[in-house]
Amino acid sequence: MKNRLPLKLSVLVSLIFFIVSLLTLKNYGINWDTINHLPRGQAYLHYFLTGNRNYSDLTLLFNGWQKKGQWYFQDPDYLRIKTDLPNNKALPRSMYQVEDMNLDYFLQKDGDGHPPLSDILSALFNEVLFRRLNLINDIDSYRIYGVLLASITVGIVFYWISNLFNKTAGLVSALVLSTYPLYFAESHFNTEKDIPETAFWTLFMFSFWKGITTKNWKWIIATGVLFGLALGTKLNIVFSVLVIGPWFLVYLFKGKGFWQNILFFVKEKKVLLSLVLVPIIGLSIVFASWPYLWQDPLRGFFKMIGFYTTIGTTTVASQSLFSLNFFALKWILFTTPIVTLILVACGLIFYLFNFKKDKSGVVLLFTLWLIVPIARVTLPGSSIYGGVRQIIEYIPAMA
């Protein structure tokens, strides 16, 4: 019963965040990048589900100046479906299933951007909640994906901290995360990139920590799946090696001793094999979910790397000192609630004085997790734009 209570409470915490987010979802709209993601997710999903490379099997919606198909009005103040069609119905097709942006279009034009996995999963929520069940309107059904992942993240933070310390600490961490303005807002409309990446990053960290500390190969295999989900959303997860790498080394030196731990990982073939499989599983998920890569994997991969290099170094949002870009750090300091900054400062100071007592090095994991995303956009030559939404994986670590 003692072990199950934090799990039950974490489900409750997730559920509360989910319900609050759901009730406030109608107060948020779409972001400027939506048109670059949802049509792509729909094109790939429709191909996976039906094998069709276009939408010739669906009802034709109104198509620009051609005046073909039907159109209807959806009341944006209702989460459920409320339209001006007879019997308050909607046409069984999403407005983001765009005629001219089908599979063939993306097989030619894709690659110069983020991987599409979260676009596809977001479109899957639309397919189920809007097209099949008629429960949620066309636009908001996509957003349920992000809201659900954000809710799970709040729950896992509560569960993790409750087990490490106590339920009070877990509740404080969950409150800090769920009430962080940027996190709460982005969870309503940023469902294609940053919120999913934050969720998968958090679950990846927990799974890897759990797998190593319990020496359980199943948790490490789960880490590979989560790595793939994160990598299939954004490239940010590759920087997690700068977090888990140093932590893993510290963990090996603590406890029974370095060589004893090394011998264990060498002798336990399943654990060792699962560690080797993590990147293989991750890359396989990315490849399987991105038909564009099937044509020329190496060319597609390097094109994606070129995209990240461009937006990470040449898009200017800079406030430099000694060639360091302090834009992100200043943004975080100016927009983070003061009480959260105080709690984080106290936590870091307390940890510095109690470093030796941290037997598993888990607080070091959290500290590196907080520092690395911010540091990588602070280094000379780096850049960031759109505030700090692109690195909001730092928020669960801060919490």
# chains A, B, ... in the order shown; residues from 1 in each chain; ligands from 1

$ residues_around --residues "Ile244 of chain A" --least-positions-apart "3" --cutoff "8 Å" --atoms "only C-alpha atoms" --output "VMD selection string"
chain A and resid 205 240 to 241 247 to 248 365

$ closest_atom_pairs --of "segment 79-185 of chain A" --to "segment 191-200 of chain A" --cutoff "6 Å" --atoms "only C-alpha atoms" --output "Markdown table"
| residue | atom | partner | partner_atom | distance |
| --- | --- | --- | --- | --- |
| A:Ser118 | CA | A:Glu192 | CA | 5.3 |
| A:Asp119 | CA | A:Glu192 | CA | 5.3 |
| A:Arg143 | CA | A:Thr191 | CA | 6.0 |
| A:Gly146 | CA | A:Thr191 | CA | 4.4 |
| A:Leu149 | CA | A:Ala199 | CA | 5.9 |
| A:Thr153 | CA | A:Ala199 | CA | 5.4 |

$ closest_atom_pairs --of "segment 56-143 of chain A" --to "segment 276-288 of chain A" --cutoff "10 Å" --atoms "only C-alpha atoms" --output "CSV"
residue,atom,partner,partner_atom,distance
A:Pro115,CA,A:Val286,CA,7.5
A:Pro116,CA,A:Val286,CA,8.6
A:Leu117,CA,A:Val286,CA,7.4

$ write_last_selection --atoms "all heavy atoms" --output "PDB file, in the first residue's frame"
ATOM      1  N   PRO A 115      11.450  16.491 -37.253  1.00  0.00           N
ATOM      2  CA  PRO A 115      10.827  15.203 -37.583  1.00  0.00           C
ATOM      3  C   PRO A 115       9.323  15.255 -37.314  1.00  0.00           C
ATOM      4  O   PRO A 115       8.860  16.077 -36.517  1.00  0.00           O
ATOM      5  CB  PRO A 115      11.535  14.225 -36.632  1.00  0.00           C
ATOM      6  CG  PRO A 115      12.838  14.886 -36.313  1.00  0.00           C
ATOM      7  CD  PRO A 115      12.547  16.353 -36.277  1.00  0.00           C
ATOM      8  N   PRO A 116       8.519  14.383 -37.940  1.00  0.00           N
ATOM      9  CA  PRO A 116       7.059  14.543 -37.917  1.00  0.00           C
ATOM     10  C   PRO A 116       6.299  13.693 -36.904  1.00  0.00           C
ATOM     11  O   PRO A 116       5.066  13.671 -36.936  1.00  0.00           O
ATOM     12  CB  PRO A 116       6.685  14.104 -39.331  1.00  0.00           C
ATOM     13  CG  PRO A 116       7.639  12.994 -39.609  1.00  0.00           C
ATOM     14  CD  PRO A 116       8.933  13.372 -38.927  1.00  0.00           C
ATOM     15  N   LEU A 117       6.983  12.983 -36.007  1.00  0.00           N
ATOM     16  CA  LEU A 117       6.279  12.002 -35.184  1.00  0.00           C
ATOM     17  C   LEU A 117       5.153  12.623 -34.361  1.00  0.00           C
ATOM     18  O   LEU A 117       4.033  12.091 -34.311  1.00  0.00           O
ATOM     19  CB  LEU A 117       7.261  11.274 -34.257  1.00  0.00           C
ATOM     20  CG  LEU A 117       6.664  10.158 -33.399  1.00  0.00           C
ATOM     21  CD1 LEU A 117       5.939   9.140 -34.261  1.00  0.00           C
ATOM     22  CD2 LEU A 117       7.750   9.469 -32.581  1.00  0.00           C
TER      23      LEU A 117
END

$ residues_around --residues "Asn88 of chain A" --least-positions-apart "3" --cutoff "12 Å" --atoms "only C-alpha atoms" --output "list of chain:residue names"
A:Tyr72, A:Phe73, A:Gln74, A:Asp75, A:Arg80, A:Ile81, A:Lys82, A:Thr83, A:Asp84, A:Leu85, A:Leu91, A:Asn134, A:Asn137

$ select_by_dssp --residues "segment 33-163 of chain A" --states "helix (DSSP H, G or I)" --output "PyMOL selection string"
chain A and resi 34-50+64-66+86-88+103-109+117-132+138-163

$ residues_around --residues "Leu226 of chain A" --least-positions-apart "4" --cutoff "8 Å" --atoms "only C-alpha atoms" --output "list of chain:residue names"
A:Phe200, A:Trp201, A:Leu203, A:Phe204, A:Ala222, A:Ala230, A:Gly282

$ residues_around --residues "segment 343-358 of chain A" --least-positions-apart "4" --cutoff "9 Å" --atoms "only C-alpha atoms" --output "ChimeraX atom specification"
/A:338-339,362-364,367,398-399

$ closest_residue --among "A:Val154, A:Leu329, A:Ala397, A:Leu133" --to "Thr378 of chain A" --atoms "only C-alpha atoms"
A:Leu329

$ select_by_dssp --residues "segment 103-347 of chain A" --states "strand (DSSP E)" --output "PyMOL selection string"
chain A and resi 320-321+324-325

$ closest_residue --among "A:Val238, A:Leu379, A:Ile152, A:Leu177" --to "Ser10 of chain A" --atoms "only C-alpha atoms"
A:Ile152

$ atom_distance --atom1 "atom CA of Lys218 of chain A" --atom2 "atom CA of Asn163 of chain A"
19.8 Å

$ closest_residue --among "A:Ile384, A:Ile392, A:Val147, A:Ala328" --to "Trp369 of chain A" --atoms "only C-alpha atoms"
A:Ile392

$ residues_around --residues "Ala185 of chain A" --least-positions-apart "3" --cutoff "10 Å" --atoms "only C-alpha atoms" --output "MDAnalysis selection string"
chainID A and resid 21 24:25 28 178:182 188:190

$ write_last_selection --atoms "all heavy atoms" --output "CSV table (one decimal), in the first residue's frame"
chain,number,residue,atom,x,y,z
A,21,SER,N,-6.8,22.0,-17.7
A,21,SER,CA,-6.4,22.4,-19.1
A,21,SER,C,-7.5,22.2,-20.1
A,21,SER,O,-7.6,23.0,-21.0
A,21,SER,CB,-5.2,21.5,-19.5
A,21,SER,OG,-4.1,21.8,-18.6
A,24,THR,N,-10.0,25.0,-20.0
A,24,THR,CA,-9.5,26.3,-20.5
A,24,THR,C,-9.0,26.2,-21.9
A,24,THR,O,-8.5,27.2,-22.4
A,24,THR,CB,-8.3,26.8,-19.6
A,24,THR,OG1,-7.3,25.7,-19.5
A,24,THR,CG2,-8.8,27.0,-18.1
A,25,LEU,N,-9.1,25.1,-22.5
A,25,LEU,CA,-8.6,24.9,-23.9
A,25,LEU,C,-9.2,25.8,-24.9
A,25,LEU,O,-8.6,26.3,-25.8
A,25,LEU,CB,-8.8,23.4,-24.3
A,25,LEU,CG,-8.0,23.0,-25.6
A,25,LEU,CD1,-6.5,23.2,-25.4
A,25,LEU,CD2,-8.3,21.5,-25.9
A,28,TYR,N,-7.7,29.3,-25.8
A,28,TYR,CA,-6.4,29.4,-26.6
A,28,TYR,C,-6.7,29.1,-28.1
A,28,TYR,O,-7.6,28.3,-28.4
A,28,TYR,CB,-5.4,28.4,-26.0
A,28,TYR,CG,-4.9,28.8,-24.6
A,28,TYR,CD1,-5.7,28.5,-23.5
A,28,TYR,CD2,-3.7,29.4,-24.4
A,28,TYR,CE1,-5.3,28.8,-22.2
A,28,TYR,CE2,-3.3,29.7,-23.2
A,28,TYR,CZ,-4.1,29.4,-22.1
A,28,TYR,OH,-3.7,29.7,-20.8
A,178,SER,N,3.1,22.9,-12.8
A,178,SER,CA,1.8,23.1,-13.4
A,178,SER,C,1.4,24.5,-13.5
A,178,SER,O,0.6,24.9,-14.3
A,178,SER,CB,0.7,22.3,-12.7
A,178,SER,OG,0.7,22.6,-11.3
A,179,THR,N,1.9,25.4,-12.6
A,179,THR,CA,1.6,26.8,-12.5
A,179,THR,C,2.6,27.7,-13.2
A,179,THR,O,2.5,28.9,-13.2
A,179,THR,CB,1.4,27.3,-11.1
A,179,THR,OG1,2.6,27.1,-10.3
A,179,THR,CG2,0.2,26.5,-10.4
A,180,TYR,N,3.7,27.1,-13.7
A,180,TYR,CA,4.7,27.9,-14.5
A,180,TYR,C,4.0,28.4,-15.7
A,180,TYR,O,3.5,27.7,-16.6
A,180,TYR,CB,5.9,27.0,-14.8
A,180,TYR,CG,7.1,27.7,-15.2
A,180,TYR,CD1,8.1,27.9,-14.2
A,180,TYR,CD2,7.3,28.2,-16.5
A,180,TYR,CE1,9.3,28.6,-14.6
A,180,TYR,CE2,8.5,28.9,-16.8
A,180,TYR,CZ,9.5,29.1,-15.8
A,180,TYR,OH,10.6,29.8,-16.1
A,181,PRO,N,3.9,29.8,-15.8
A,181,PRO,CA,3.1,30.4,-16.9
A,181,PRO,C,3.4,29.8,-18.3
A,181,PRO,O,2.5,29.5,-19.1
A,181,PRO,CB,3.5,31.9,-16.8
A,181,PRO,CG,3.8,32.0,-15.3
A,181,PRO,CD,4.6,30.8,-15.0
A,182,LEU,N,4.7,29.7,-18.6
A,182,LEU,CA,5.1,29.3,-20.0
A,182,LEU,C,4.6,27.8,-20.2
A,182,LEU,O,4.1,27.5,-21.3
A,182,LEU,CB,6.6,29.4,-20.2
A,182,LEU,CG,7.1,29.0,-21.6
A,182,LEU,CD1,6.6,29.9,-22.6
A,182,LEU,CD2,8.6,29.0,-21.6
A,188,HIS,N,-1.4,24.2,-24.1
A,188,HIS,CA,-2.7,24.3,-24.7
A,188,HIS,C,-2.6,24.4,-26.2
A,188,HIS,O,-3.6,24.0,-26.9
A,188,HIS,CB,-3.4,25.5,-24.2
A,188,HIS,CG,-3.9,25.4,-22.8
A,188,HIS,ND1,-3.1,25.4,-21.7
A,188,HIS,CD2,-5.2,25.3,-22.3
A,188,HIS,CE1,-3.8,25.3,-20.6
A,188,HIS,NE2,-5.1,25.3,-21.0
A,189,PHE,N,-1.5,24.8,-26.8
A,189,PHE,CA,-1.4,25.0,-28.2
A,189,PHE,C,-0.1,24.6,-28.9
A,189,PHE,O,0.0,24.6,-30.1
A,189,PHE,CB,-1.7,26.5,-28.6
A,189,PHE,CG,-0.8,27.5,-27.9
A,189,PHE,CD1,0.4,27.7,-28.4
A,189,PHE,CD2,-1.2,28.2,-26.8
A,189,PHE,CE1,1.3,28.6,-27.8
A,189,PHE,CE2,-0.4,29.1,-26.2
A,189,PHE,CZ,0.9,29.3,-26.7
A,190,ASN,N,0.9,24.3,-28.1
A,190,ASN,CA,2.2,23.9,-28.7
A,190,ASN,C,2.3,22.3,-28.7
A,190,ASN,O,3.1,21.8,-27.9
A,190,ASN,CB,3.3,24.5,-27.9
A,190,ASN,CG,4.7,24.4,-28.7
A,190,ASN,OD1,4.8,23.6,-29.5
A,190,ASN,ND2,5.6,25.2,-28.3

$ residues_around --residues "Asn36 of chain A" --least-positions-apart "5" --cutoff "12 Å" --atoms "only C-alpha atoms" --output "JSON, numbers by chain"
{"A": [30, 31, 41, 42, 43, 96, 98, 101, 106, 109, 110, 111, 112, 113, 114, 115, 116, 119, 192, 193]}
